[in-house]
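Undergrad: See model_11.pdb below, with PDB, C-alpha atoms and all ligand atoms.
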ATOM      1  CA  ASN A  10     118.084  97.107  83.730
ATOM      2  CA  PRO A  11     114.814  97.909  81.951
ATOM      3  CA  ILE A  12     111.785  95.916  83.002
ATOM      4  CA  VAL A  13     110.626  93.044  80.805
ATOM      5  CA  LEU A  14     106.969  92.095  81.083
ATOM      6  CA  ASP A  15     106.033  88.432  81.415
ATOM      7  CA  LEU A  16     104.081  88.322  78.147
ATOM      8  CA  ALA A  17     104.398  84.524  77.950
ATOM      9  CA  TYR A  18     102.171  84.314  81.029
ATOM     10  CA  ASN A  19      99.256  85.660  78.964
ATOM     11  CA  SER A  20      99.559  82.611  76.689
ATOM     12  CA  ILE A  21      98.819  80.224  79.548
ATOM     13  CA  ASP A  22      95.171  79.411  79.087
ATOM     14  CA  PHE A  23      92.642  76.934  80.399
ATOM     15  CA  PRO A  24      91.399  74.301  77.963
ATOM     16  CA  SER A  25      87.867  74.699  76.684
ATOM     17  CA  ILE A  26      85.699  72.569  78.992
ATOM     18  CA  GLU A  27      82.228  73.645  77.867
ATOM     19  CA  ASN A  28      81.598  70.257  76.273
ATOM     20  CA  ARG A  29      82.563  68.516  79.531
ATOM     21  CA  MET A  30      79.790  70.000  81.646
TER      22      MET A  30
ATOM     23  CA  SER B   7      79.324  63.107  88.282
ATOM     24  CA  VAL B   8      82.327  64.222  86.252
ATOM     25  CA  GLU B   9      80.030  66.637  84.387
ATOM     26  CA  ASP B  10      79.004  68.262  87.674
ATOM     27  CA  LEU B  11      82.653  68.517  88.730
ATOM     28  CA  PHE B  12      83.551  70.269  85.465
ATOM     29  CA  THR B  13      80.659  72.690  85.994
ATOM     30  CA  THR B  14      82.028  73.503  89.460
ATOM     31  CA  LEU B  15      85.556  73.713  88.071
ATOM     32  CA  ASP B  16      84.413  76.175  85.405
ATOM     33  CA  ARG B  17      82.723  78.361  88.043
ATOM     34  CA  HIS B  18      85.934  78.540  90.083
ATOM     35  CA  ILE B  19      87.945  79.411  86.979
ATOM     36  CA  GLN B  20      85.479  82.171  86.012
ATOM     37  CA  ARG B  21      85.805  83.597  89.554
ATOM     38  CA  SER B  22      89.620  83.289  89.580
ATOM     39  CA  GLU B  23      89.365  80.898  92.559
ATOM     40  CA  TYR B  24      92.387  78.923  91.465
ATOM     41  CA  GLU B  25      93.164  77.029  94.653
ATOM     42  CA  GLN B  26      89.610  75.712  94.741
ATOM     43  CA  ALA B  27      89.869  74.900  91.032
ATOM     44  CA  VAL B  28      92.908  72.707  91.807
ATOM     45  CA  LYS B  29      90.876  70.792  94.408
ATOM     46  CA  VAL B  30      88.022  70.152  91.984
ATOM     47  CA  ALA B  31      90.447  69.114  89.218
ATOM     48  CA  ASP B  32      91.914  66.634  91.712
ATOM     49  CA  GLN B  33      88.411  65.291  92.373
ATOM     50  CA  VAL B  34      87.997  64.642  88.640
ATOM     51  CA  LEU B  35      91.418  63.004  88.526
ATOM     52  CA  SER B  36      90.573  60.718  91.441
ATOM     53  CA  VAL B  37      87.867  59.110  89.303
ATOM     54  CA  ALA B  38      89.488  59.668  85.885
ATOM     55  CA  PRO B  39      93.276  59.845  86.403
ATOM     56  CA  GLY B  40      94.140  60.367  82.731
ATOM     57  CA  ASP B  41      91.599  63.109  81.988
ATOM     58  CA  GLU B  42      93.646  65.562  79.920
ATOM     59  CA  ASP B  43      91.266  68.511  80.429
ATOM     60  CA  ALA B  44      91.398  68.041  84.205
ATOM     61  CA  ILE B  45      95.201  67.766  84.190
ATOM     62  CA  ARG B  46      95.502  70.928  82.080
ATOM     63  CA  CYS B  47      93.042  72.784  84.319
ATOM     64  CA  LYS B  48      95.064  71.706  87.360
ATOM     65  CA  ILE B  49      98.391  72.830  85.880
ATOM     66  CA  VAL B  50      97.041  76.191  84.678
ATOM     67  CA  SER B  51      95.279  76.783  88.026
ATOM     68  CA  LEU B  52      98.511  76.084  89.910
ATOM     69  CA  ILE B  53     100.388  78.536  87.677
ATOM     70  CA  LYS B  54      97.671  81.201  88.076
ATOM     71  CA  ALA B  55      97.735  80.610  91.858
ATOM     72  CA  ASP B  56     101.484  81.289  91.641
ATOM     73  CA  ASN B  57     102.272  77.759  92.825
ATOM     74  CA  ILE B  58     105.017  77.135  90.279
ATOM     75  CA  ASP B  59     106.613  74.295  92.274
ATOM     76  CA  GLY B  60     103.251  72.524  92.436
ATOM     77  CA  ALA B  61     102.654  73.040  88.725
ATOM     78  CA  LEU B  62     106.057  71.639  87.847
ATOM     79  CA  SER B  63     105.698  68.544  90.021
ATOM     80  CA  THR B  64     102.256  67.906  88.489
ATOM     81  CA  ILE B  65     103.735  68.270  85.002
ATOM     82  CA  VAL B  66     106.611  65.888  85.775
ATOM     83  CA  ALA B  67     104.325  63.283  87.383
ATOM     84  CA  CYS B  68     101.722  63.403  84.589
ATOM     85  CA  SER B  69     104.324  63.380  81.811
ATOM     86  CA  LYS B  70     105.584  60.044  83.126
ATOM     87  CA  LYS B  71     102.127  58.474  83.212
ATOM     88  CA  PHE B  72     100.351  59.946  80.192
ATOM     89  CA  PRO B  73     101.249  60.763  76.576
ATOM     90  CA  PHE B  74     100.260  64.442  76.771
ATOM     91  CA  ASP B  75     102.518  67.302  75.784
ATOM     92  CA  PHE B  76     103.065  69.753  78.621
ATOM     93  CA  ASP B  77     106.400  71.065  77.350
ATOM     94  CA  PHE B  78     105.287  74.691  77.048
ATOM     95  CA  PHE B  79     103.957  74.705  80.622
ATOM     96  CA  LYS B  80     107.142  72.964  81.744
ATOM     97  CA  ALA B  81     109.351  75.504  79.970
ATOM     98  CA  TYR B  82     107.354  78.354  81.500
ATOM     99  CA  CYS B  83     107.638  76.947  85.046
ATOM    100  CA  LEU B  84     111.383  76.379  84.639
ATOM    101  CA  TYR B  85     111.715  79.980  83.410
ATOM    102  CA  ARG B  86     109.852  81.175  86.513
ATOM    103  CA  GLN B  87     112.327  79.173  88.631
ATOM    104  CA  ASN B  88     115.174  80.810  86.723
ATOM    105  CA  LYS B  89     116.354  77.412  85.401
ATOM    106  CA  LEU B  90     117.007  78.995  82.045
ATOM    107  CA  ASP B  91     118.966  76.244  80.266
ATOM    108  CA  ASP B  92     116.369  73.642  81.244
ATOM    109  CA  ALA B  93     113.575  75.990  80.161
ATOM    110  CA  MET B  94     115.207  76.429  76.758
ATOM    111  CA  GLU B  95     115.635  72.652  76.478
ATOM    112  CA  SER B  96     111.890  72.138  77.071
ATOM    113  CA  LEU B  97     111.069  74.648  74.343
ATOM    114  CA  LYS B  98     113.258  72.916  71.764
ATOM    115  CA  GLY B  99     110.821  70.375  70.339
ATOM    116  CA  LEU B 100     107.871  72.739  70.301
ATOM    117  CA  GLU B 101     106.250  74.446  67.362
ATOM    118  CA  LYS B 102     107.437  78.078  67.243
ATOM    119  CA  ASP B 103     104.086  79.742  67.763
ATOM    120  CA  SER B 104     103.888  83.197  69.288
ATOM    121  CA  ALA B 105     103.659  81.824  72.866
ATOM    122  CA  ALA B 106     106.842  79.783  72.461
ATOM    123  CA  MET B 107     108.569  82.732  70.785
ATOM    124  CA  LEU B 108     107.608  85.139  73.593
ATOM    125  CA  LEU B 109     108.931  82.726  76.205
ATOM    126  CA  GLU B 110     112.127  82.079  74.249
ATOM    127  CA  SER B 111     112.727  85.812  73.987
ATOM    128  CA  GLN B 112     112.219  86.276  77.748
ATOM    129  CA  ILE B 113     114.649  83.436  78.488
ATOM    130  CA  LEU B 114     117.244  84.924  76.118
ATOM    131  CA  PHE B 115     116.832  88.312  77.804
ATOM    132  CA  ARG B 116     117.560  86.781  81.228
ATOM    133  CA  GLN B 117     120.547  84.975  79.740
ATOM    134  CA  GLY B 118     121.887  88.347  78.607
ATOM    135  CA  LYS B 119     121.479  87.426  74.921
ATOM    136  CA  MET B 120     119.876  90.769  74.101
ATOM    137  CA  ASP B 121     120.295  90.752  70.332
ATOM    138  CA  ALA B 122     118.698  87.304  70.005
ATOM    139  CA  SER B 123     115.900  88.394  72.342
ATOM    140  CA  VAL B 124     115.216  91.560  70.332
ATOM    141  CA  ASP B 125     115.314  89.581  67.103
ATOM    142  CA  ILE B 126     112.301  87.526  68.208
ATOM    143  CA  TYR B 127     110.299  90.605  69.254
ATOM    144  CA  GLN B 128     110.989  92.160  65.866
ATOM    145  CA  LYS B 129     109.679  88.995  64.158
ATOM    146  CA  LEU B 130     106.545  89.151  66.342
ATOM    147  CA  GLN B 131     105.809  92.821  65.665
ATOM    148  CA  LYS B 132     103.337  91.956  62.901
ATOM    149  CA  SER B 133     101.323  89.801  65.318
ATOM    150  CA  LYS B 134      99.920  92.792  67.264
ATOM    151  CA  ILE B 135     100.698  91.338  70.703
ATOM    152  CA  GLU B 136      99.673  93.623  73.553
ATOM    153  CA  SER B 137     102.613  95.415  75.247
ATOM    154  CA  LEU B 138     105.160  93.754  72.956
ATOM    155  CA  GLU B 139     106.752  97.159  72.327
ATOM    156  CA  ILE B 140     107.622  97.457  76.035
ATOM    157  CA  ASN B 141     109.784  94.335  75.883
ATOM    158  CA  LEU B 142     111.205  95.273  72.498
ATOM    159  CA  VAL B 143     112.336  98.650  73.853
ATOM    160  CA  ALA B 144     113.731  97.038  77.030
ATOM    161  CA  GLY B 145     115.719  94.640  74.860
ATOM    162  CA  LEU B 146     117.005  97.374  72.576
ATOM    163  CA  VAL B 147     118.073  99.557  75.528
ATOM    164  CA  SER B 148     119.799  96.588  77.207
ATOM    165  CA  ALA B 149     121.540  95.733  73.954
ATOM    166  CA  GLY B 150     122.848  99.298  73.695
ATOM    167  CA  ARG B 151     120.632  99.904  70.660
ATOM    168  CA  ALA B 152     118.350 102.559  72.160
ATOM    169  CA  SER B 153     118.569 104.693  69.005
ATOM    170  CA  GLU B 154     116.568 102.070  67.101
TER     171      GLU B 154
HETATM  172  K     K A 201     102.318  85.792  87.707
END
With the file now loaded, output its structure as structure tokens.
Ligand SMILES: [K+]

TA:
Amino acid sequence: NPIVLDLAYNSIDFPSIENRM
Amino acid sequence: SVEDLFTTLDRHIQRSEYEQAVKVADQVLSVAPGDEDAIRCKIVSLIKADNIDGALSTIVACSKKFPFDFDFFKAYCLYRQNKLDDAMESLKGLEKDSAAMLLESQILFRQGKMDASVDIYQKLQKSKIESLEINLVAGLVSAGRASE
């Protein structure tokens, strides 16, 4: 079977925490 | 202070030191158990550290205690564990943004529903997502539609 890339993984991002520092 | 902990947490994230990031997120949570940023940082760090079991148990535990929505993370972790029906169930209530659509398409592909999987990639083609064509072609070939 052809390979499917895990593109959904790239959508998993950290929240912005700049205003928490 | 919590501010200092977030500064340390940010440094670990910037350096891709995800296991250490989990520890610092836990330090924040020990003083502020319902801190949504810390919970999200912990879940994402666990996923990036490839600790999918740990991410999922954190999601389940925090979903019981706090009113935050971790359904996309939950769906992704279930997909990684190949629990495809449960993953699809977690996606159901979510807004169909490109992240949810990409994950849905990957789940459908693993379920052998090639036409439905391809359909989503074709809808996303306008969105200029990196490497989308690779999955679209894989879906078309698997669906016996290589000529397209
Ligand atoms: K990975």

Undergrad: When the cut-off is 7 Å and we count all atoms listed in the file, which residues of chain B are near chain A, given as a PyMOL selection string?

TA: chain B and resi 9-10+12-13+43+46-47+50+105+108-109+141+144+148

Undergrad: Store the residues of this selection in a file with C-alpha atoms, as a compact mmCIF listing (two decimals), in the coordinates of the input.

TA:
# COMPACT_ATOMS: atom_id res chain seq x y z
CA GLU B 9 80.03 66.64 84.39
CA ASP B 10 79.00 68.26 87.67
CA PHE B 12 83.55 70.27 85.46
CA THR B 13 80.66 72.69 85.99
CA ASP B 43 91.27 68.51 80.43
CA ARG B 46 95.50 70.93 82.08
CA CYS B 47 93.04 72.78 84.32
CA VAL B 50 97.04 76.19 84.68
CA ALA B 105 103.66 81.82 72.87
CA LEU B 108 107.61 85.14 73.59
CA LEU B 109 108.93 82.73 76.20
CA ASN B 141 109.78 94.34 75.88
CA ALA B 144 113.73 97.04 77.03
CA SER B 148 119.80 96.59 77.21

Undergrad: At a cut-off of 10 Å and counting all atoms listed in the file, what residues surround ligand K 201 (chain A)? Please answer as a list in words.

TA: Asp15, Tyr18 and Asn19 of chain A; Ile53, Lys54, Ala55, Asp56, Asn57, Ile58 and Arg86 of chain B

Undergrad: Separation of atom CA of Asp75 of chain B and atom CA of Thr14 of chain B, in Å?

TA: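 Taking atom CA of Asp75 of chain B and atom CA of Thr14 of chain B, their separation equals 25.4 Å.
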
Undergrad: Might I get the box with edges along x, y and z of the file that holds all atoms of segment 16-24 of chain A listed there, padded by 8 Å on every side, given as centre and edge lengths in Å to one decimal, as AutoDock Vina command-line options?

TA:
--center_x 97.9 --center_y 81.3 --center_z 78.9 --size_x 29.0 --size_y 30.0 --size_z 20.3

Undergrad: Pick the closest to Glu101 of chain B from B:Gln128, B:Asp77, B:Gly118, B:Leu11: which is it, counting only C-alpha atoms?

TA: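 Closest to Glu101 of chain B, using only C-alpha atoms: B:Asp77.
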
Undergrad: Hey, can you check how far atom CA of Phe76 of chain B sits from atom CA of Gln117 of chain B?

TA: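 Those two atoms sit 23.2 Å apart.
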
Undergrad: Can you measure atom CA of Thr64 of chain B to atom CA of Ser22 of chain B for me? One decimal in Å is fine.

TA: 19.9 Å
